[in-house]
$ cat my_file.pdb   # PDB, C-alpha atoms
ATOM      1  CA  MET V   1      -3.357  18.174  -7.254
ATOM      2  CA  PHE V   2      -4.626  15.243  -5.196
ATOM      3  CA  GLY V   3      -7.802  15.246  -3.149
ATOM      4  CA  PHE V   4      -9.888  12.287  -2.009
ATOM      5  CA  GLY V   5     -12.720  13.612  -4.186
ATOM      6  CA  GLN V   6     -10.751  12.488  -7.253
ATOM      7  CA  LEU V   7     -10.466   8.908  -5.994
ATOM      8  CA  ILE V   8     -14.139   8.859  -5.010
ATOM      9  CA  ASP V   9     -15.055  10.073  -8.509
ATOM     10  CA  ILE V  10     -13.032   7.173  -9.969
ATOM     11  CA  LEU V  11     -14.900   4.719  -7.732
ATOM     12  CA  LYS V  12     -18.327   6.204  -8.461
ATOM     13  CA  LYS V  13     -17.793   5.394 -12.138
ATOM     14  CA  ASN V  14     -16.815   1.823 -11.255
ATOM     15  CA  PRO V  15     -17.849   0.850  -7.674
ATOM     16  CA  LYS V  16     -15.719  -1.773  -5.929
ATOM     17  CA  LYS V  17     -15.978  -4.308  -3.090
ATOM     18  CA  ILE V  18     -13.347  -4.313  -0.355
ATOM     19  CA  VAL V  19     -12.670  -7.016   2.242
ATOM     20  CA  PHE V  20     -11.927  -6.028   5.843
ATOM     21  CA  THR V  21     -10.316  -9.006   7.557
ATOM     22  CA  GLU V  22     -10.994  -7.730  11.105
ATOM     23  CA  GLY V  23     -14.758  -7.339  10.835
ATOM     24  CA  SER V  24     -15.540  -6.886  14.523
ATOM     25  CA  ASP V  25     -12.931  -4.183  15.257
ATOM     26  CA  PRO V  26     -14.719  -0.915  16.193
ATOM     27  CA  ARG V  27     -12.435   1.149  13.917
ATOM     28  CA  ILE V  28     -13.312  -1.096  10.965
ATOM     29  CA  LEU V  29     -17.002  -0.908  11.836
ATOM     30  CA  GLU V  30     -16.953   2.892  11.996
ATOM     31  CA  ALA V  31     -15.262   3.094   8.581
ATOM     32  CA  ALA V  32     -17.661   0.466   7.180
ATOM     33  CA  SER V  33     -20.687   2.434   8.422
ATOM     34  CA  ARG V  34     -19.394   5.514   6.543
ATOM     35  CA  LEU V  35     -18.834   3.470   3.393
ATOM     36  CA  LEU V  36     -22.299   1.917   3.618
ATOM     37  CA  ALA V  37     -23.757   5.421   3.502
ATOM     38  CA  SER V  38     -21.957   5.951   0.169
ATOM     39  CA  ASN V  39     -22.541   4.417  -3.256
ATOM     40  CA  PHE V  40     -18.980   3.853  -4.428
ATOM     41  CA  LEU V  41     -17.441   1.175  -2.185
ATOM     42  CA  SER V  42     -19.077  -1.888  -0.588
ATOM     43  CA  PRO V  43     -17.454  -3.339   2.545
ATOM     44  CA  ILE V  44     -17.222  -7.090   3.131
ATOM     45  CA  LEU V  45     -16.639  -7.858   6.816
ATOM     46  CA  VAL V  46     -14.927 -11.140   7.702
ATOM     47  CA  GLY V  47     -15.869 -12.761  11.006
ATOM     48  CA  ASN V  48     -18.636 -14.259  13.103
ATOM     49  CA  GLU V  49     -21.879 -12.442  12.254
ATOM     50  CA  ASP V  50     -23.228 -12.357  15.835
ATOM     51  CA  GLU V  51     -19.895 -11.035  17.109
ATOM     52  CA  ILE V  52     -19.752  -8.338  14.423
ATOM     53  CA  GLN V  53     -23.365  -7.249  14.979
ATOM     54  CA  ARG V  54     -22.829  -7.155  18.760
ATOM     55  CA  SER V  55     -19.641  -5.107  18.405
ATOM     56  CA  ALA V  56     -21.408  -2.675  16.047
ATOM     57  CA  GLU V  57     -24.312  -2.286  18.451
ATOM     58  CA  GLU V  58     -22.021  -1.722  21.445
ATOM     59  CA  SER V  59     -19.973   0.839  19.472
ATOM     60  CA  GLY V  60     -23.084   2.555  18.095
ATOM     61  CA  PHE V  61     -22.368   2.049  14.372
ATOM     62  CA  ASN V  62     -25.034   1.309  11.799
ATOM     63  CA  ILE V  63     -23.811  -1.498   9.524
ATOM     64  CA  ARG V  64     -27.214  -2.401   8.114
ATOM     65  CA  GLY V  65     -26.704  -3.829   4.624
ATOM     66  CA  ALA V  66     -23.084  -4.855   5.213
ATOM     67  CA  HIS V  67     -21.986  -8.135   3.639
ATOM     68  CA  ILE V  68     -20.683 -10.274   6.521
ATOM     69  CA  VAL V  69     -18.824 -13.476   5.644
ATOM     70  CA  ASP V  70     -18.027 -16.069   8.310
ATOM     71  CA  PRO V  71     -15.269 -18.522   7.275
ATOM     72  CA  ALA V  72     -16.981 -21.209   9.396
ATOM     73  CA  LYS V  73     -20.206 -20.912   7.347
ATOM     74  CA  TYR V  74     -18.911 -19.918   3.905
ATOM     75  CA  ASP V  75     -20.925 -21.745   1.223
ATOM     76  CA  ARG V  76     -18.037 -21.876  -1.295
ATOM     77  CA  MET V  77     -15.493 -23.259   1.177
ATOM     78  CA  ASP V  78     -14.978 -26.544  -0.708
ATOM     79  CA  GLU V  79     -14.193 -24.573  -3.863
ATOM     80  CA  MET V  80     -11.891 -22.253  -1.893
ATOM     81  CA  VAL V  81     -10.031 -25.207  -0.343
ATOM     82  CA  GLU V  82      -9.535 -26.784  -3.774
ATOM     83  CA  MET V  83      -8.179 -23.535  -5.229
ATOM     84  CA  PHE V  84      -5.945 -22.976  -2.170
ATOM     85  CA  CYS V  85      -4.449 -26.487  -2.517
ATOM     86  CA  GLU V  86      -3.791 -25.838  -6.216
ATOM     87  CA  LEU V  87      -2.086 -22.502  -5.445
ATOM     88  CA  ARG V  88       0.046 -24.135  -2.729
ATOM     89  CA  LYS V  89       0.633 -27.513  -4.407
ATOM     90  CA  SER V  90       4.403 -26.927  -4.529
ATOM     91  CA  LYS V  91       4.275 -26.994  -0.723
ATOM     92  CA  GLY V  92       2.186 -30.173  -0.669
ATOM     93  CA  VAL V  93      -0.696 -28.565   1.220
ATOM     94  CA  THR V  94      -3.507 -31.041   2.030
ATOM     95  CA  PRO V  95      -7.222 -30.138   2.100
ATOM     96  CA  GLU V  96      -7.176 -30.547   5.886
ATOM     97  CA  GLN V  97      -4.252 -28.114   6.215
ATOM     98  CA  ALA V  98      -5.965 -25.721   3.799
ATOM     99  CA  ARG V  99      -9.178 -25.652   5.878
ATOM    100  CA  LYS V 100      -7.176 -24.934   9.016
ATOM    101  CA  THR V 101      -5.280 -22.085   7.317
ATOM    102  CA  LEU V 102      -8.454 -20.650   5.757
ATOM    103  CA  ALA V 103     -10.065 -20.382   9.185
ATOM    104  CA  GLN V 104      -7.671 -17.441   9.657
ATOM    105  CA  ALA V 105      -9.283 -14.193   8.486
ATOM    106  CA  ASN V 106      -6.164 -12.899   6.694
ATOM    107  CA  TYR V 107      -5.929 -16.005   4.475
ATOM    108  CA  PHE V 108      -9.700 -16.295   4.028
ATOM    109  CA  GLY V 109     -10.011 -12.623   3.027
ATOM    110  CA  THR V 110      -7.125 -12.901   0.561
ATOM    111  CA  MET V 111      -8.820 -15.891  -1.079
ATOM    112  CA  LEU V 112     -12.049 -13.877  -1.443
ATOM    113  CA  VAL V 113     -10.021 -11.466  -3.606
ATOM    114  CA  LYS V 114      -8.388 -14.350  -5.505
ATOM    115  CA  MET V 115     -11.810 -15.881  -6.249
ATOM    116  CA  GLY V 116     -13.213 -12.577  -7.500
ATOM    117  CA  GLU V 117     -15.639 -12.109  -4.596
ATOM    118  CA  ALA V 118     -13.917  -8.801  -3.819
ATOM    119  CA  ASP V 119     -11.702  -6.336  -5.675
ATOM    120  CA  ALA V 120      -9.360  -5.363  -2.836
ATOM    121  CA  LEU V 121      -8.419  -6.098   0.778
ATOM    122  CA  LEU V 122      -7.480  -4.015   3.798
ATOM    123  CA  GLY V 123      -6.127  -5.660   6.940
ATOM    124  CA  GLY V 124      -3.609  -5.309   9.740
ATOM    125  CA  ALA V 125      -5.516  -3.219  12.302
ATOM    126  CA  THR V 126      -4.741  -5.930  14.863
ATOM    127  CA  TYR V 127      -1.898  -7.927  13.307
ATOM    128  CA  SER V 128       1.495  -7.361  11.702
ATOM    129  CA  THR V 129       2.403  -6.220   8.195
ATOM    130  CA  ALA V 130       3.940  -9.666   7.629
ATOM    131  CA  ASP V 131       0.568 -11.297   8.333
ATOM    132  CA  THR V 132      -0.996  -9.168   5.571
ATOM    133  CA  VAL V 133       1.834  -9.547   3.067
ATOM    134  CA  ARG V 134       2.462 -13.291   3.495
ATOM    135  CA  PRO V 135      -0.976 -14.509   2.262
ATOM    136  CA  ALA V 136      -0.858 -11.931  -0.554
ATOM    137  CA  LEU V 137       2.543 -13.204  -1.734
ATOM    138  CA  GLN V 138       1.479 -16.834  -1.507
ATOM    139  CA  LEU V 139      -1.964 -16.482  -3.142
ATOM    140  CA  ILE V 140      -2.244 -13.224  -5.128
ATOM    141  CA  LYS V 141       1.450 -13.204  -6.093
ATOM    142  CA  THR V 142       3.472 -10.457  -7.743
ATOM    143  CA  LYS V 143       2.567  -8.955 -11.122
ATOM    144  CA  PRO V 144       4.331 -10.321 -14.230
ATOM    145  CA  GLY V 145       7.775  -8.733 -14.409
ATOM    146  CA  ASN V 146       7.868  -7.966 -10.679
ATOM    147  CA  SER V 147      10.034  -9.937  -8.267
ATOM    148  CA  ILE V 148       9.136  -8.209  -4.977
ATOM    149  CA  VAL V 149       6.360  -6.514  -3.062
ATOM    150  CA  SER V 150       7.351  -3.028  -1.962
ATOM    151  CA  SER V 151       5.581  -0.098  -0.365
ATOM    152  CA  CYS V 152       4.968   3.582  -0.873
ATOM    153  CA  PHE V 153       3.713   6.340   1.405
ATOM    154  CA  ILE V 154       1.779   9.212  -0.126
ATOM    155  CA  LEU V 155       2.232  12.398   1.883
ATOM    156  CA  VAL V 156      -0.218  15.266   1.492
ATOM    157  CA  ARG V 157      -0.011  18.821   2.844
ATOM    158  CA  PRO V 158      -2.234  21.829   2.051
ATOM    159  CA  SER V 159      -0.215  24.602   0.390
ATOM    160  CA  ALA V 160      -0.605  28.381   0.493
ATOM    161  CA  THR V 161      -2.015  28.363  -3.061
ATOM    162  CA  GLY V 162      -4.943  26.191  -1.994
ATOM    163  CA  ASP V 163      -3.726  23.077  -3.823
ATOM    164  CA  ASN V 164      -2.454  20.090  -1.913
ATOM    165  CA  GLU V 165       1.277  19.403  -2.021
ATOM    166  CA  VAL V 166       1.717  15.678  -2.691
ATOM    167  CA  ILE V 167       4.905  13.602  -2.538
ATOM    168  CA  ALA V 168       5.707   9.883  -2.583
ATOM    169  CA  MET V 169       8.301   8.104  -0.427
ATOM    170  CA  SER V 170       9.491   4.506  -0.871
ATOM    171  CA  ASP V 171      10.232   1.908   0.463
ATOM    172  CA  CYS V 172       9.480   2.789   4.066
ATOM    173  CA  ALA V 173       7.862  -0.424   5.304
ATOM    174  CA  ILE V 174       8.692  -3.683   3.509
ATOM    175  CA  ASN V 175      12.189  -4.196   2.060
ATOM    176  CA  ILE V 176      14.907  -3.841   4.687
ATOM    177  CA  LYS V 177      17.995  -3.540   2.454
ATOM    178  CA  PRO V 178      16.898  -3.535  -1.182
ATOM    179  CA  THR V 179      19.442  -4.395  -3.888
ATOM    180  CA  GLU V 180      20.100  -2.173  -6.909
ATOM    181  CA  ASP V 181      17.603  -4.119  -9.034
ATOM    182  CA  GLU V 182      14.993  -4.096  -6.265
ATOM    183  CA  LEU V 183      15.423  -0.309  -5.946
ATOM    184  CA  VAL V 184      14.720   0.006  -9.682
ATOM    185  CA  GLU V 185      11.490  -1.970  -9.264
ATOM    186  CA  ILE V 186      10.536   0.100  -6.199
ATOM    187  CA  ALA V 187      11.146   3.347  -8.114
ATOM    188  CA  LEU V 188       9.133   2.388 -11.205
ATOM    189  CA  GLU V 189       6.196   1.065  -9.139
ATOM    190  CA  SER V 190       6.278   4.179  -6.929
ATOM    191  CA  ALA V 191       6.152   6.452  -9.976
ATOM    192  CA  LYS V 192       3.023   4.602 -11.208
ATOM    193  CA  CYS V 193       1.459   4.922  -7.757
ATOM    194  CA  ALA V 194       2.299   8.636  -7.565
ATOM    195  CA  LYS V 195       0.486   9.243 -10.874
ATOM    196  CA  ILE V 196      -2.759   7.861  -9.405
ATOM    197  CA  PHE V 197      -2.553  10.637  -6.803
ATOM    198  CA  GLY V 198      -2.108  13.392  -9.372
ATOM    199  CA  VAL V 199       1.690  13.589  -9.088
ATOM    200  CA  ASP V 200       3.770  14.058 -12.231
ATOM    201  CA  PRO V 201       6.638  11.928 -10.908
ATOM    202  CA  LYS V 202      10.187  13.272 -10.726
ATOM    203  CA  VAL V 203      12.195  10.514  -9.104
ATOM    204  CA  ALA V 204      15.196  11.080  -6.819
ATOM    205  CA  PHE V 205      17.418   8.213  -5.626
ATOM    206  CA  LEU V 206      18.551   9.563  -2.251
ATOM    207  CA  SER V 207      21.985   9.302  -0.672
ATOM    208  CA  TYR V 208      24.499  11.200   1.476
ATOM    209  CA  SER V 209      26.210  12.118  -1.825
ATOM    210  CA  THR V 210      25.139  14.239  -4.822
ATOM    211  CA  LEU V 211      26.381  12.999  -8.199
ATOM    212  CA  GLY V 212      29.775  11.878  -6.973
ATOM    213  CA  SER V 213      30.404  14.343  -4.117
ATOM    214  CA  GLY V 214      30.791  11.393  -1.725
ATOM    215  CA  SER V 215      31.955   7.823  -2.097
ATOM    216  CA  GLY V 216      31.248   4.380  -0.696
ATOM    217  CA  GLU V 217      29.298   1.257  -1.564
ATOM    218  CA  ASP V 218      25.967   2.772  -0.448
ATOM    219  CA  VAL V 219      26.557   5.703  -2.816
ATOM    220  CA  ASP V 220      27.458   3.313  -5.636
ATOM    221  CA  LYS V 221      24.280   1.353  -5.016
ATOM    222  CA  MET V 222      22.020   4.406  -5.415
ATOM    223  CA  ARG V 223      23.974   5.758  -8.418
ATOM    224  CA  ASN V 224      23.838   2.385 -10.190
ATOM    225  CA  ALA V 225      20.157   1.901  -9.365
ATOM    226  CA  ALA V 226      19.344   5.346 -10.791
ATOM    227  CA  ALA V 227      21.241   4.523 -13.996
ATOM    228  CA  LYS V 228      19.415   1.193 -14.370
ATOM    229  CA  ALA V 229      16.044   2.877 -13.741
ATOM    230  CA  LYS V 230      16.805   5.517 -16.420
ATOM    231  CA  ALA V 231      17.635   2.753 -18.882
ATOM    232  CA  LYS V 232      14.381   0.923 -18.109
ATOM    233  CA  ALA V 233      12.183   4.039 -18.176
ATOM    234  CA  PRO V 234      13.887   6.623 -20.411
ATOM    235  CA  ASP V 235      10.807   8.877 -20.483
ATOM    236  CA  LEU V 236      10.570   9.112 -16.678
ATOM    237  CA  PRO V 237      12.535  11.996 -15.065
ATOM    238  CA  ILE V 238      15.031  10.245 -12.755
ATOM    239  CA  GLU V 239      18.151  11.485 -10.981
ATOM    240  CA  GLY V 240      20.592   9.947  -8.584
ATOM    241  CA  GLU V 241      22.382   9.818  -6.433
ATOM    242  CA  LEU V 242      21.110  12.993  -4.705
ATOM    243  CA  GLN V 243      21.219  14.403  -1.202
ATOM    244  CA  PHE V 244      17.779  15.432   0.006
ATOM    245  CA  ASP V 245      18.514  19.158  -0.107
ATOM    246  CA  ALA V 246      19.688  18.907  -3.715
ATOM    247  CA  ALA V 247      16.543  16.916  -4.529
ATOM    248  CA  VAL V 248      14.066  19.490  -3.181
ATOM    249  CA  ALA V 249      15.718  22.920  -2.958
ATOM    250  CA  PRO V 250      16.164  24.713  -6.315
ATOM    251  CA  ARG V 251      18.869  26.991  -4.894
ATOM    252  CA  VAL V 252      20.951  24.031  -3.695
ATOM    253  CA  ALA V 253      20.318  22.165  -6.947
ATOM    254  CA  ARG V 254      21.604  25.115  -8.998
ATOM    255  CA  THR V 255      24.910  24.853  -7.119
ATOM    256  CA  LYS V 256      25.277  21.068  -6.863
ATOM    257  CA  CYS V 257      23.726  19.807 -10.109
ATOM    258  CA  PRO V 258      22.679  22.689 -12.385
ATOM    259  CA  ASP V 259      22.023  20.479 -15.409
ATOM    260  CA  SER V 260      19.509  18.152 -13.730
ATOM    261  CA  GLU V 261      15.793  18.429 -14.588
ATOM    262  CA  VAL V 262      14.864  16.534 -11.393
ATOM    263  CA  ALA V 263      17.134  18.150  -8.786
ATOM    264  CA  GLY V 264      15.353  20.885  -6.866
ATOM    265  CA  HIS V 265      11.934  19.633  -8.016
ATOM    266  CA  ALA V 266      11.807  15.957  -6.971
ATOM    267  CA  ASN V 267       8.515  14.625  -5.621
ATOM    268  CA  THR V 268       9.057  10.839  -5.619
ATOM    269  CA  PHE V 269      11.820   9.811  -3.220
ATOM    270  CA  ILE V 270      13.581   6.440  -3.233
ATOM    271  CA  PHE V 271      15.443   5.674  -0.002
ATOM    272  CA  PRO V 272      18.489   3.395   0.207
ATOM    273  CA  ASP V 273      17.001   1.207   2.955
ATOM    274  CA  ILE V 274      14.064   0.855   5.337
ATOM    275  CA  ASN V 275      15.886   2.706   8.142
ATOM    276  CA  ALA V 276      16.206   5.881   6.097
ATOM    277  CA  GLY V 277      12.751   5.521   4.550
ATOM    278  CA  ASN V 278      10.847   4.934   7.781
ATOM    279  CA  ILE V 279      12.648   7.763   9.563
ATOM    280  CA  GLY V 280      12.254  10.075   6.565
ATOM    281  CA  TYR V 281       8.497   9.750   6.120
ATOM    282  CA  LYS V 282       7.899  10.095   9.859
ATOM    283  CA  ILE V 283       9.967  13.305   9.994
ATOM    284  CA  ALA V 284       7.855  14.669   7.129
ATOM    285  CA  GLN V 285       4.672  13.585   8.906
ATOM    286  CA  ARG V 286       5.507  14.873  12.399
ATOM    287  CA  LEU V 287       7.626  17.962  11.690
ATOM    288  CA  GLY V 288       6.491  18.834   8.155
ATOM    289  CA  ASN V 289       2.750  18.590   8.895
ATOM    290  CA  PHE V 290       2.126  16.134   6.073
ATOM    291  CA  GLU V 291      -0.719  13.613   6.292
ATOM    292  CA  ALA V 292       0.803  10.201   5.586
ATOM    293  CA  TYR V 293      -1.225   7.558   3.741
ATOM    294  CA  GLY V 294       0.180   4.058   3.633
ATOM    295  CA  PRO V 295       1.972   1.813   3.449
ATOM    296  CA  ILE V 296       0.487   1.260  -0.002
ATOM    297  CA  LEU V 297       1.695  -2.142  -1.174
ATOM    298  CA  LEU V 298       3.130  -2.201  -4.700
ATOM    299  CA  GLY V 299       3.825  -5.014  -7.151
ATOM    300  CA  LEU V 300       0.910  -7.367  -6.351
ATOM    301  CA  ASN V 301      -1.663  -8.700  -8.821
ATOM    302  CA  ALA V 302      -4.492  -7.139  -6.781
ATOM    303  CA  PRO V 303      -4.699  -4.207  -4.338
ATOM    304  CA  ILE V 304      -4.024  -5.454  -0.811
ATOM    305  CA  ASN V 305      -3.011  -2.980   1.848
ATOM    306  CA  ASP V 306      -1.856  -2.977   5.421
ATOM    307  CA  LEU V 307      -3.101  -0.792   8.258
ATOM    308  CA  SER V 308      -1.030   0.424  11.173
ATOM    309  CA  ARG V 309      -2.093  -1.201  14.434
ATOM    310  CA  GLY V 310      -2.313   2.334  15.832
ATOM    311  CA  CYS V 311      -4.720   3.471  13.101
ATOM    312  CA  ASN V 312      -7.997   5.276  13.745
ATOM    313  CA  ALA V 313     -11.317   4.916  11.901
ATOM    314  CA  SER V 314     -10.616   7.936   9.692
ATOM    315  CA  GLU V 315      -7.353   6.344   8.498
ATOM    316  CA  VAL V 316      -9.187   3.065   7.812
ATOM    317  CA  TYR V 317     -11.762   4.950   5.712
ATOM    318  CA  SER V 318      -9.053   6.817   3.770
ATOM    319  CA  MET V 319      -6.981   3.686   3.162
ATOM    320  CA  ALA V 320     -10.091   1.796   2.003
ATOM    321  CA  ILE V 321     -10.705   4.446  -0.667
ATOM    322  CA  ILE V 322      -7.032   4.448  -1.722
ATOM    323  CA  THR V 323      -6.898   0.624  -1.862
ATOM    324  CA  ALA V 324     -10.085   0.306  -3.898
ATOM    325  CA  ALA V 325      -9.037   3.077  -6.288
ATOM    326  CA  LEU V 326      -5.884   1.101  -7.078
ATOM    327  CA  ALA V 327      -8.165  -1.652  -8.434
TER     328      ALA V 327
END

$ encode --input "my_file.pdb" --output "structure tokens"
Amino acid sequence: MFGFGQLIDILKKNPKKIVFTEGSDPRILEAASRLLASNFLSPILVGNEDEIQRSAEESGFNIRGAHIVDPAKYDRMDEMVEMFCELRKSKGVTPEQARKTLAQANYFGTMLVKMGEADALLGGATYSTADTVRPALQLIKTKPGNSIVSSCFILVRPSATGDNEVIAMSDCAINIKPTEDELVEIALESAKCAKIFGVDPKVAFLSYSTLGSGSGEDVDKMRNAAAKAKAKAPDLPIEGELQFDAAVAPRVARTKCPDSEVAGHANTFIFPDINAGNIGYKIAQRLGNFEAYGPILLGLNAPINDLSRGCNASEVYSMAIITAALA
């Protein structure tokens, strides 16, 4: 089962570069100093070099060897502006508007990924999820066949056997009221994400009903989404709609849905909306003693992830490894 050693091993075989858009934040600097002592992930810090060096000195972090990129002094800015205008030509963006936008670290950092200067990006320690997702949607765009960006939380808890128990929960951060088709996309992307963390995905579409025990349009939505997901991925174990107890408790599953291969053993949970998802993962985190990693953004052409504004340096370090490993 999952441990960070596995992701680090992946990166050691193929080291990556990751952009941090808030280069002078002490939490970012602490994580960057840890990464600089490694040989598997190179941090790129966006911001004013003097400011970043001063902040590192005041915080007591050694960032010697870090690649610091200041948008105001970037030597490929003309090329970046030209590419930005091309990417945003449907909006009629002028070079002057592009330069103004690219002075913002979130847009500048995203363009570094687009131009191949970096493999991944991590931002949001001081700004909203929307400010991380918006540039990614506009510039990196969704993968072919994907219509939305969604998110997944990976939850990890040590078990009595010594292995880590790992589950995936989606979408807990991005899509407020996903449609049936969006839920299908969320489920299939979440299953792919779960595999990276050593999970053999068994997908449960959650509801207040188990296979017809309740009724209502919200039940229909989850039942229909599960059926569409099964049709799209016939080799992936999928069940729905399921109540949470039927999804995770074998005894309950034997009573409520004895013929299901997923019920009682689910490990990848698809919530009907952001309310349920956000509440659900936080209950698991706070009362179930799971470590929660995420939100991990799904469906983009390159790995770009969002930090919580309440994050600490350890979470930044962990999310940097996760984000880069997705590359």

$ atom_distance --input "my_file.pdb" --atom1 "CA of Ala233 in chain V" --atom2 "CA of Ala247 in chain V"
19.3 Å

$ closest_residue --input "my_file.pdb" --among "V:Gly294, V:Gly162, V:Pro178, V:Gly264" --to "Arg251 in chain V" --atoms "all atoms listed in the file"
V:Gly264

$ residues_around --input "my_file.pdb" --residues "Ala249 in chain V" --least-positions-apart "6" --cutoff "12 Å" --atoms "only C-alpha atoms" --output "list of chain:residue names"
V:Leu242, V:Gln243, V:Thr255, V:Lys256, V:Cys257, V:Pro258, V:Val262, V:Ala263, V:Gly264, V:His265, V:Ala266, V:Asn267

$ closest_atom_pairs --input "my_file.pdb" --of "range 23-98 of chain V" --to "range 136-157 of chain V" --cutoff "9 Å" --atoms "all atoms listed in the file" --output "Markdown table"
| residue | atom | partner | partner_atom | distance |
| --- | --- | --- | --- | --- |
| V:Phe84 | CA | V:Leu139 | CA | 7.7 |
| V:Leu87 | CA | V:Leu139 | CA | 6.4 |
| V:Arg88 | CA | V:Gln138 | CA | 7.5 |

$ atom_distance --input "my_file.pdb" --atom1 "CA of Pro237 in chain V" --atom2 "CA of Ala302 in chain V"
26.9 Å

$ atom_distance --input "my_file.pdb" --atom1 "CA of Ser33 in chain V" --atom2 "CA of Tyr293 in chain V"
20.7 Å

$ residues_around --input "my_file.pdb" --residues "Leu36 in chain V" --least-positions-apart "5" --cutoff "9 Å" --atoms "only C-alpha atoms" --output "PyMOL selection string"
chain V and resi 31+41-43+62-66

$ residues_near_point --input "my_file.pdb" --point "(-14.5, -10.5, 8.7)" --cutoff "7 Å" --atoms "only C-alpha atoms" --output "ChimeraX atom specification"
/V:20-24,45-47,68-70,105

$ resolve_selection --input "my_file.pdb" --expression "the PyMOL selection byres ((chain V and resi 124) around 10)" --output "short mmCIF file (atom, residue, chain, number, x, y, z; two decimals) with C-alpha atoms, keeping the file's coordinate frame"
data_model
loop_
_atom_site.label_atom_id
_atom_site.label_comp_id
_atom_site.auth_asym_id
_atom_site.auth_seq_id
_atom_site.Cartn_x
_atom_site.Cartn_y
_atom_site.Cartn_z
CA PHE V 20 -11.93 -6.03 5.84
CA THR V 21 -10.32 -9.01 7.56
CA GLU V 22 -10.99 -7.73 11.10
CA ASN V 106 -6.16 -12.90 6.69
CA LEU V 122 -7.48 -4.01 3.80
CA GLY V 123 -6.13 -5.66 6.94
CA ALA V 125 -5.52 -3.22 12.30
CA THR V 126 -4.74 -5.93 14.86
CA TYR V 127 -1.90 -7.93 13.31
CA SER V 128 1.50 -7.36 11.70
CA THR V 129 2.40 -6.22 8.20
CA ALA V 130 3.94 -9.67 7.63
CA ASP V 131 0.57 -11.30 8.33
CA THR V 132 -1.00 -9.17 5.57
CA VAL V 133 1.83 -9.55 3.07
CA ASN V 305 -3.01 -2.98 1.85
CA ASP V 306 -1.86 -2.98 5.42
CA LEU V 307 -3.10 -0.79 8.26
CA SER V 308 -1.03 0.42 11.17
CA ARG V 309 -2.09 -1.20 14.43
CA GLY V 310 -2.31 2.33 15.83
CA CYS V 311 -4.72 3.47 13.10
#

$ closest_residue --input "my_file.pdb" --among "V:Ala324, V:Ile304, V:Leu11, V:Val166" --to "Met111 in chain V" --atoms "only C-alpha atoms"
V:Ile304

$ residues_near_point --input "my_file.pdb" --point "(11.4, 7.3, 0.0)" --cutoff "9 Å" --atoms "only C-alpha atoms" --output "number ranges by chain"
V: 152-153, 168-172, 204-206, 268-274, 276-278, 280-281

$ resolve_selection --input "my_file.pdb" --expression "the PyMOL selection byres ((chain V and resi 200) around 10)" --output "list in words"
Met1, Val166, Ile167, Ala191, Lys192, Ala194, Lys195, Ile196, Phe197, Gly198, Val199, Pro201, Lys202, Val203, Leu236, Pro237, Ala266, Asn267 and Thr268 of chain V

$ resolve_selection --input "my_file.pdb" --expression "the PyMOL selection byres ((chain V and resi 75-81) around 9)" --output "VMD selection string"
chain V and resid 71 to 74 82 to 86 95 to 96 98 to 99 102 108 111 to 112 115

$ closest_residue --input "my_file.pdb" --among "V:Glu58, V:Glu49, V:Glu185, V:Asp25" --to "Lys230 in chain V" --atoms "only C-alpha atoms"
V:Glu185

$ closest_residue --input "my_file.pdb" --among "V:Val113, V:Ala313, V:Leu211, V:Ala225" --to "Leu300 in chain V" --atoms "only C-alpha atoms"
V:Val113

$ residues_around --input "my_file.pdb" --residues "Val219 in chain V" --least-positions-apart "2" --cutoff "8 Å" --atoms "only C-alpha atoms" --output "list in words"
Ser207, Tyr208, Ser209, Gly214, Ser215, Gly216, Glu217, Lys221, Met222, Arg223 and Glu241 of chain V
